[in-house]
$ cat structure.txt   # compact mmCIF, C-alpha atoms and all ligand atoms
# COMPACT_ATOMS: atom_id res chain seq x y z
CA MET E 1 172.09 63.53 17.39
CA LYS E 2 170.20 63.23 20.66
CA CYS E 3 166.42 63.10 20.93
CA PRO E 4 164.80 66.55 20.95
CA PHE E 5 162.62 65.40 23.86
CA LEU E 6 165.62 64.59 26.05
CA LYS E 7 166.16 67.51 28.41
CA ASP E 8 169.10 68.26 30.68
CA THR E 9 168.32 69.78 34.08
CA VAL E 10 170.36 70.73 37.15
CA VAL E 11 168.80 69.41 40.34
CA ARG E 12 169.54 69.85 44.03
CA THR E 13 169.41 67.11 46.61
CA CYS E 14 170.14 66.90 50.32
CA ASP E 15 172.51 64.07 51.18
CA LEU E 16 171.25 64.01 54.79
CA SER E 17 167.68 63.41 53.78
CA PRO E 18 166.51 59.79 54.07
CA VAL E 19 164.44 60.32 50.90
CA ARG E 20 166.42 61.39 47.82
CA LYS E 21 164.25 64.12 46.41
CA MET E 22 165.53 65.95 43.32
CA ILE E 23 164.45 69.56 42.97
CA PRO E 24 165.23 71.32 39.67
CA THR E 25 167.11 74.55 40.38
CA SER E 26 164.84 76.33 37.92
CA SER E 27 161.84 75.65 40.16
CA ILE E 28 163.42 76.93 43.40
CA SER E 29 162.23 80.44 44.18
CA GLU E 30 164.44 83.15 45.73
CA GLU E 31 162.50 82.98 49.00
CA SER E 32 162.98 79.25 49.39
CA GLN E 33 166.75 79.28 48.82
CA ARG E 34 167.49 78.38 52.46
CA CYS E 35 169.97 75.55 51.70
CA SER E 36 172.29 77.77 49.64
CA THR E 37 172.32 80.67 52.12
CA PRO E 38 173.58 81.09 55.71
CA GLU E 39 169.94 80.51 56.68
CA PHE E 40 170.53 76.79 56.24
CA LYS E 41 171.40 76.59 59.94
CA SER E 42 167.74 77.00 60.74
CA CYS E 43 167.02 73.69 59.00
CA PRO E 44 166.07 71.13 61.68
CA VAL E 45 168.14 68.43 59.90
CA ALA E 46 171.30 70.59 59.75
CA GLU E 47 171.13 72.63 62.97
CA ASP E 48 172.70 69.93 65.20
CA GLN E 49 175.55 69.33 62.79
CA PHE E 50 176.68 72.88 62.26
CA GLU E 51 176.14 74.50 65.60
CA GLY E 52 178.75 77.23 66.09
CA GLN E 53 180.04 77.13 62.47
CA SER E 54 178.83 80.57 61.59
CA ALA E 55 181.32 81.01 58.71
CA LEU E 56 179.46 78.60 56.45
CA SER E 57 177.46 80.44 53.80
CA SER E 58 175.57 77.41 52.50
CA CYS E 59 174.87 73.88 53.63
CA PRO E 60 177.71 71.42 52.81
CA HIS E 61 175.10 68.69 52.42
CA LEU E 62 173.48 70.46 49.52
CA CYS E 63 174.40 68.64 46.28
CA GLU E 64 173.88 69.83 42.73
CA SER E 65 173.97 67.41 39.83
CA MET E 66 172.99 67.18 36.19
CA VAL E 67 170.10 64.87 35.32
CA GLN E 68 168.09 64.15 32.22
CA HIS E 69 164.42 63.50 31.63
CA CYS E 70 162.15 62.68 28.73
CA ALA E 71 159.76 65.54 28.01
CA ALA E 72 157.61 63.21 25.90
CA GLN E 73 156.57 61.21 28.96
CA SER E 74 153.47 62.25 30.87
CA THR E 75 155.28 62.12 34.23
CA THR E 76 158.75 63.57 34.77
CA GLN E 77 161.30 61.02 35.83
CA PHE E 78 164.86 62.21 36.38
CA ILE E 79 167.71 59.89 35.51
CA PRO E 80 171.43 60.50 36.13
CA TYR E 81 173.13 62.34 33.30
CA ASN E 82 174.42 59.88 30.72
CA ASN E 83 176.66 61.01 27.92
CA ASP E 84 176.92 57.51 26.49
CA LEU E 85 176.34 57.90 22.78
CA LEU E 86 175.15 54.32 22.55
CA SER E 87 172.06 55.00 24.67
CA ARG E 88 168.91 55.42 22.62
CA CYS E 89 167.90 58.86 23.87
CA ASN E 90 171.40 60.26 23.36
CA SER E 91 171.87 58.99 19.82
CA ASP E 92 170.17 58.82 16.43
CA ALA E 93 168.49 55.64 17.68
CA HIS E 94 165.80 57.87 19.23
CA ARG E 95 164.11 58.01 15.80
CA TYR E 96 162.70 54.54 16.46
CA CYS E 97 161.53 55.17 20.04
CA THR E 98 157.76 54.67 20.28
CA LEU E 99 157.32 57.81 22.37
CA TYR E 100 159.38 59.86 19.95
CA LEU E 101 157.37 58.62 16.97
CA GLN E 102 154.10 59.43 18.73
CA ARG E 103 155.20 62.94 19.67
CA ALA E 104 157.17 63.80 16.54
CA TYR E 105 154.34 62.76 14.20
CA PRO E 106 151.16 63.55 16.19
CA GLY E 107 147.88 62.71 14.55
CA SER E 108 149.35 60.29 12.03
CA ASP E 109 147.90 56.81 11.86
CA SER E 110 150.28 54.00 12.57
CA GLY E 111 152.35 53.48 9.45
CA ALA E 112 150.92 56.49 7.63
CA GLN E 113 153.86 58.70 8.53
CA PRO E 114 157.23 57.05 8.23
CA PRO E 115 160.01 58.58 10.35
CA ASN E 116 161.58 60.17 7.33
CA GLY E 117 162.85 63.17 9.26
CA GLY E 118 161.88 65.46 6.41
CA HIS E 119 163.90 63.50 3.89
CA GLN E 120 162.66 62.90 0.40
CA GLU E 121 160.56 59.80 -0.11
CA ILE E 122 160.60 57.41 -3.00
CA GLY E 123 157.28 56.30 -4.39
CA GLY E 124 154.53 57.53 -6.69
CA GLY E 125 153.37 55.92 -9.94
CA ARG E 126 152.26 52.33 -9.64
CA MET E 127 153.80 52.08 -6.16
CA ALA E 128 151.49 54.76 -4.79
CA GLU E 129 148.45 52.66 -5.71
CA THR E 130 149.51 49.70 -3.66
CA ILE E 131 152.12 50.42 -1.01
CA PRO E 132 153.06 53.53 0.99
CA ALA E 133 155.97 55.74 0.00
CA THR E 134 159.35 54.79 1.35
CA PRO E 135 161.79 57.00 3.27
CA ALA E 136 164.58 57.74 0.79
CA ARG E 137 167.33 57.22 3.36
CA LEU E 138 166.63 53.48 3.59
CA GLN E 139 168.64 50.79 1.80
CA PHE E 140 166.84 47.62 0.75
CA SER E 141 168.01 44.05 0.53
CA ARG E 142 166.56 41.84 -2.17
CA ASN E 143 164.64 39.79 0.37
CA HIS E 144 162.59 42.87 1.31
CA MET E 145 164.32 44.08 4.43
CA TRP E 146 165.59 47.59 5.01
CA LEU E 147 168.62 49.06 6.69
CA ASP E 148 168.77 52.60 8.08
CA ILE E 149 172.26 53.79 9.02
CA ALA E 150 172.30 57.08 10.93
CA PRO E 151 175.29 59.48 10.78
CA ASP E 152 176.48 58.28 14.21
CA GLY E 153 176.62 54.65 13.04
CA THR E 154 173.42 53.57 14.81
CA CYS E 155 171.47 51.30 12.50
CA HIS E 156 168.00 49.79 12.37
CA VAL E 157 166.67 46.89 10.35
CA GLY E 158 163.07 46.12 9.41
CA VAL E 159 160.84 44.72 6.69
CA ASP E 160 159.66 46.75 3.71
CA ALA E 161 156.09 47.76 2.85
CA PHE E 162 155.97 45.19 0.03
CA LEU E 163 156.54 42.34 2.49
CA ALA E 164 154.11 43.94 4.96
CA ARG E 165 151.42 44.11 2.28
CA VAL E 166 151.95 40.54 1.16
CA LEU E 167 151.94 39.05 4.67
CA GLY E 168 149.16 41.24 6.02
CA GLN E 169 149.50 40.02 9.59
CA VAL E 170 152.02 37.97 11.54
CA ASP E 171 151.01 36.01 14.64
CA SER E 172 154.39 36.15 16.37
CA ALA E 173 158.00 37.24 15.88
CA THR E 174 160.95 35.38 17.44
CA PHE E 175 164.32 37.11 17.30
CA LEU E 176 167.64 35.45 16.51
CA PRO E 177 169.98 38.47 16.67
CA ASP E 178 173.26 36.57 16.32
CA ALA E 179 172.18 33.90 13.88
CA GLU E 180 174.29 32.92 10.87
CA GLU E 181 177.56 34.68 11.62
CA ARG E 182 176.07 37.96 12.83
CA ARG E 183 173.34 38.05 10.20
CA PRO E 184 170.25 38.79 12.31
CA SER E 185 167.16 36.65 11.71
CA VAL E 186 163.58 36.68 12.81
CA ILE E 187 161.10 33.83 12.68
CA LEU E 188 157.66 35.04 11.68
CA ASN E 189 154.70 32.81 12.34
CA ILE E 190 151.75 33.05 9.99
CA ASN E 191 148.74 30.80 10.54
CA GLY E 192 150.92 28.20 12.24
CA THR E 193 153.74 28.25 9.68
CA ASP E 194 157.19 29.47 10.73
CA LEU E 195 159.02 31.57 8.15
CA ARG E 196 162.61 32.59 8.72
CA LEU E 197 163.69 35.98 7.46
CA THR E 198 167.42 36.74 7.52
CA PHE E 199 169.10 40.07 6.93
CA PRO E 200 171.90 39.50 4.40
CA ARG E 201 174.58 41.73 5.96
CA ARG E 202 176.59 41.19 9.11
CA LEU E 203 175.76 43.69 11.85
CA ASN E 204 176.64 44.29 15.49
CA ILE E 205 173.15 43.93 16.91
CA THR E 206 172.61 45.69 20.23
CA GLY E 207 168.86 45.28 20.62
CA CYS E 208 165.64 43.81 19.25
CA ASN E 209 162.17 45.31 19.12
CA TYR E 210 160.70 43.10 21.86
CA ARG E 211 157.50 45.16 21.76
CA LEU E 212 156.62 43.05 18.71
CA ARG E 213 156.26 40.03 20.99
CA SER E 214 153.13 41.53 22.51
CA HIS E 215 152.12 43.56 19.43
CA PRO E 216 153.19 41.52 16.36
CA GLU E 217 150.63 43.37 14.24
CA THR E 218 152.85 46.48 14.41
CA LEU E 219 155.39 44.79 12.14
CA THR E 220 153.10 45.02 9.13
CA GLU E 221 151.04 48.04 10.22
CA ASP E 222 154.06 50.31 10.63
CA PRO E 223 157.00 48.67 8.83
CA TYR E 224 159.13 51.83 8.59
CA GLY E 225 158.50 53.04 12.15
CA ASN E 226 157.38 51.16 15.26
CA GLY E 227 157.61 47.84 13.39
CA TRP E 228 161.44 47.86 13.23
CA LEU E 229 163.16 44.57 14.10
CA PHE E 230 166.79 45.09 15.12
CA GLU E 231 168.98 47.90 16.40
CA GLY E 232 172.76 47.88 16.07
CA GLN E 233 175.97 49.65 15.25
CA VAL E 234 177.84 49.84 11.97
CA SER E 235 181.30 51.31 11.63
CA LYS E 236 181.92 53.68 8.73
CA CYS E 237 184.22 51.25 7.00
CA GLU E 238 181.70 48.41 7.45
CA ALA E 239 178.93 50.56 5.99
CA ASN E 240 180.91 51.34 2.85
CA SER E 241 182.93 48.19 2.49
CA GLU E 242 182.28 46.02 -0.53
CA GLY E 243 182.71 42.95 1.59
CA ALA E 244 179.96 44.04 3.99
CA GLY E 245 177.40 41.83 2.31
CA GLU E 246 175.10 41.72 -0.65
CA GLU E 247 174.20 44.78 -2.67
CA MET E 248 171.66 47.10 -1.09
CA LEU E 249 169.30 49.19 -3.19
CA SER E 250 168.25 52.77 -2.55
CA GLY E 251 166.63 55.77 -4.23
CA ASP E 252 165.31 55.32 -7.77
CA LYS E 253 166.98 51.95 -8.08
CA ALA E 254 164.95 50.72 -5.11
CA ARG E 255 161.73 52.17 -6.52
CA ARG E 256 162.19 50.47 -9.89
CA TRP E 257 163.06 47.21 -8.18
CA ILE E 258 159.93 47.30 -5.97
CA GLU E 259 157.80 47.98 -9.05
CA ASP E 260 159.39 44.97 -10.76
CA GLU E 261 158.71 42.93 -7.65
CA MET E 262 155.03 43.86 -7.81
CA ASP E 263 154.92 42.63 -11.40
CA ARG E 264 156.73 39.44 -10.42
CA LEU E 265 154.23 38.89 -7.60
CA SER E 266 151.27 39.35 -9.94
CA ASP E 267 152.84 36.83 -12.36
CA PHE E 268 153.31 34.42 -9.46
CA VAL E 269 149.66 34.73 -8.43
CA HIS E 270 148.37 34.24 -11.98
CA SER E 271 150.71 31.43 -12.98
CA ARG E 272 151.18 29.46 -9.75
CA LEU E 273 148.10 30.12 -7.67
CA SER E 274 145.26 30.03 -10.20
CA ARG E 275 142.47 27.90 -8.82
CA PRO E 276 140.09 26.55 -11.44
CA ASN E 277 136.41 26.82 -10.51
CA GLN E 278 137.14 29.14 -7.61
CA THR E 279 136.89 32.85 -7.35
CA ASP E 280 140.31 34.51 -7.25
CA GLU E 281 139.10 37.64 -5.46
CA VAL E 282 141.18 36.90 -2.40
CA LEU E 283 144.29 36.58 -4.54
CA VAL E 284 143.89 39.32 -7.15
CA ALA E 285 142.87 42.94 -6.61
CA ASP E 286 141.66 45.52 -9.14
CA GLY E 287 143.99 45.90 -12.10
CA GLY E 288 145.23 42.33 -11.81
CA VAL E 289 147.74 43.07 -9.06
CA ALA E 290 148.18 40.66 -6.17
CA ALA E 291 145.63 41.27 -3.42
CA PRO E 292 146.72 42.74 -0.06
CA GLN E 293 147.29 40.17 2.70
CA LEU E 294 147.85 37.52 0.06
CA ALA E 295 149.65 35.22 2.51
CA GLN E 296 146.54 34.97 4.69
CA ASN E 297 144.68 33.22 1.88
CA LEU E 298 147.29 30.61 0.96
CA ASP E 299 147.66 27.07 2.18
CA ARG E 300 150.94 26.05 3.79
CA ASP E 301 152.59 24.85 0.56
CA GLU E 302 151.61 27.98 -1.33
CA LEU E 303 152.84 30.16 1.51
CA LEU E 304 156.22 28.42 1.56
CA GLN E 305 156.52 28.77 -2.22
CA LEU E 306 155.75 32.47 -1.99
CA PHE E 307 158.18 33.01 0.87
CA ASN E 308 160.99 31.10 -0.82
CA LEU E 309 160.58 33.05 -4.03
CA PHE E 310 160.46 36.54 -2.57
CA PHE E 311 161.81 36.63 0.97
CA THR E 312 164.66 34.14 1.33
CA LEU E 313 168.33 34.78 0.59
CA ARG E 314 169.80 33.15 -2.47
S1 LIG O 401 162.37 58.01 25.81
FE1 LIG O 401 162.12 58.32 23.59
S2 LIG O 401 161.08 60.29 23.36
FE2 LIG O 401 161.92 60.21 25.45
S3 LIG O 401 163.94 61.19 25.34
FE3 LIG O 401 164.27 58.99 25.05
S4 LIG O 401 164.20 58.65 22.82
FE4 LIG O 401 163.28 60.66 23.25
$ encode --input "structure.txt" --output "structure tokens"
Amino acid sequence: MKCPFLKDTVVRTCDLSPVRKMIPTSSISEESQRCSTPEFKSCPVAEDQFEGQSALSSCPHLCESMVQHCAAQSTTQFIPYNNDLLSRCNSDAHRYCTLYLQRAYPGSDSGAQPPNGGHQEIGGGRMAETIPATPARLQFSRNHMWLDIAPDGTCHVGVDAFLARVLGQVDSATFLPDAEERRPSVILNINGTDLRLTFPRRLNITGCNYRLRSHPETLTEDPYGNGWLFEGQVSKCEANSEGAGEEMLSGDKARRWIEDEMDRLSDFVHSRLSRPNQTDEVLVADGGVAAPQLAQNLDRDELLQLFNLFFTLR
């Protein structure tokens, strides 16, 4: 499905003009239709060329073509018509375009409105107290990454809200799209420590979210929207094949698993990170659950322990 902000327009151009100016046919008034009428001969550019050719009813140098433009942009920029389903605007990939997210969900804070496209969300209960609801269409790997496969086979990969809550903030993201036999990886840097996160399934990656290089905070502020990591293509048989990779969780199964992960994290904080004679406020929030941005308050060894336990593939 193409982006609702992508508009098709017919434009006219003059191939004699030194400047290629595109004029939408819809904006040309009846009175100014000189180029498509016999009146074109009064045009100073055409008059020399067509002197004596009175049979012509319109200028042969008048060209009409189909172009597209993004109605979400503040200035209109026409681009040649492109029916390539792999392009972002012409495919389901538009759901992760920054402009689309801003216009489709106006007024929502970053991360507050996942691009769920009206689909049911999973969440509620204990999850609602700690992490935002999750778009139900997502599948989750057990190292807290998500996969979103659109009907046209476009797919996106990102991190889940559990990981975003635990890390709090990353300082940089370095992409390794073809690492480990087509399993895409990203190296996240937190307080000087590099942590490698690898998606467990093989994918044909076609793009990375390079915006995260200049805005790494988006990864954890908007994990289900602008904080996506990789874009790719999955064939139908790959998506359903048992050999495609490790089990992915969705729906109620995913919700129960995330709740169990929250319990496991609280156990980890209480059993591995207890610090005698020190206040544990930075580690434990109300109700005994692990505090948000836990990773920011750990030393390097503790951070590696945490990452190995929850976010690495086994
Ligand atoms: S740039 Fe973004 S908002 Fe504009 S048409 Fe393309 S996908 Fe849609």
$ residues_near_ligand --input "structure.txt" --ligand "ligand LIG 401 (chain O)" --cutoff "6 Å" --atoms "only C-alpha atoms and all ligand atoms" --output "list in words"
Cys3, Phe5, Leu6, Cys70, Ala72, Arg88, Cys89, His94, Cys97, Leu99 and Tyr100 of chain E
$ residues_around --input "structure.txt" --residues "E:Phe307" --least-positions-apart "3" --cutoff "10 Å" --atoms "all atoms listed in the file" --output "list in words"
Asn143, Leu163, Val166, Leu167, Leu195, Arg196, Leu197, Ala295, Asp301, Glu302, Leu303, Leu304, Phe310, Phe311 and Thr312 of chain E
$ residues_around --input "structure.txt" --residues "E:Cys43" --least-positions-apart "2" --cutoff "12 Å" --atoms "all atoms listed in the file" --output "list in words"
Cys14, Leu16, Ser17, Ser32, Gln33, Arg34, Cys35, Ser36, Thr37, Pro38, Glu39, Phe40, Lys41, Val45, Ala46, Glu47, Asp48, Gln49, Phe50, Glu51, Ser58, Cys59, His61 and Leu62 of chain E
$ atom_distance --input "structure.txt" --atom1 "atom CA of E:Trp257" --atom2 "atom CA of E:Phe162"
11.0 Å
$ closest_residue --input "structure.txt" --among "E:Gln233, E:Ser57, E:Ser172, E:Ser266" --to "E:Leu219" --atoms "only C-alpha atoms"
E:Ser172
$ atom_distance --input "structure.txt" --atom1 "atom CA of E:Leu203" --atom2 "atom CA of E:Leu265"
29.4 Å
$ axis_aligned_box --input "structure.txt" --around "stretch 138-151 of chain E" --padding-each-side "3 Å" --output "AutoDock Vina command-line options"
--center_x 168.9 --center_y 49.6 --center_z 4.4 --size_x 18.7 --size_y 25.7 --size_z 19.1
$ residues_around --input "structure.txt" --residues "E:Arg213" --least-positions-apart "6" --cutoff "10 Å" --atoms "only C-alpha atoms" --output "PyMOL selection string"
chain E and resi 171-175
$ atom_distance --input "structure.txt" --atom1 "atom CA of E:Gly232" --atom2 "atom CA of E:Met66"
27.9 Å
$ closest_residue --input "structure.txt" --among "E:Asp92, E:Asp8, E:Glu247, E:Glu259" --to "E:Val67" --atoms "only C-alpha atoms"
E:Asp8
$ closest_residue --input "structure.txt" --among "E:Glu181, E:Val289, E:Arg20, E:Val170" --to "E:Thr220" --atoms "only C-alpha atoms"
E:Val170
$ residues_around --input "structure.txt" --residues "E:Gln293" --least-positions-apart "6" --cutoff "9 Å" --atoms "only C-alpha atoms" --output "list in words"
Ala164, Arg165, Val166, Leu167, Gly168, Gln169, Val282 and Leu283 of chain E
$ residues_near_point --input "structure.txt" --point "(151.5, 36.0, -8.5)" --cutoff "10 Å" --atoms "only C-alpha atoms" --output "ChimeraX atom specification"
/E:262-274,283-284,288-291,294,306
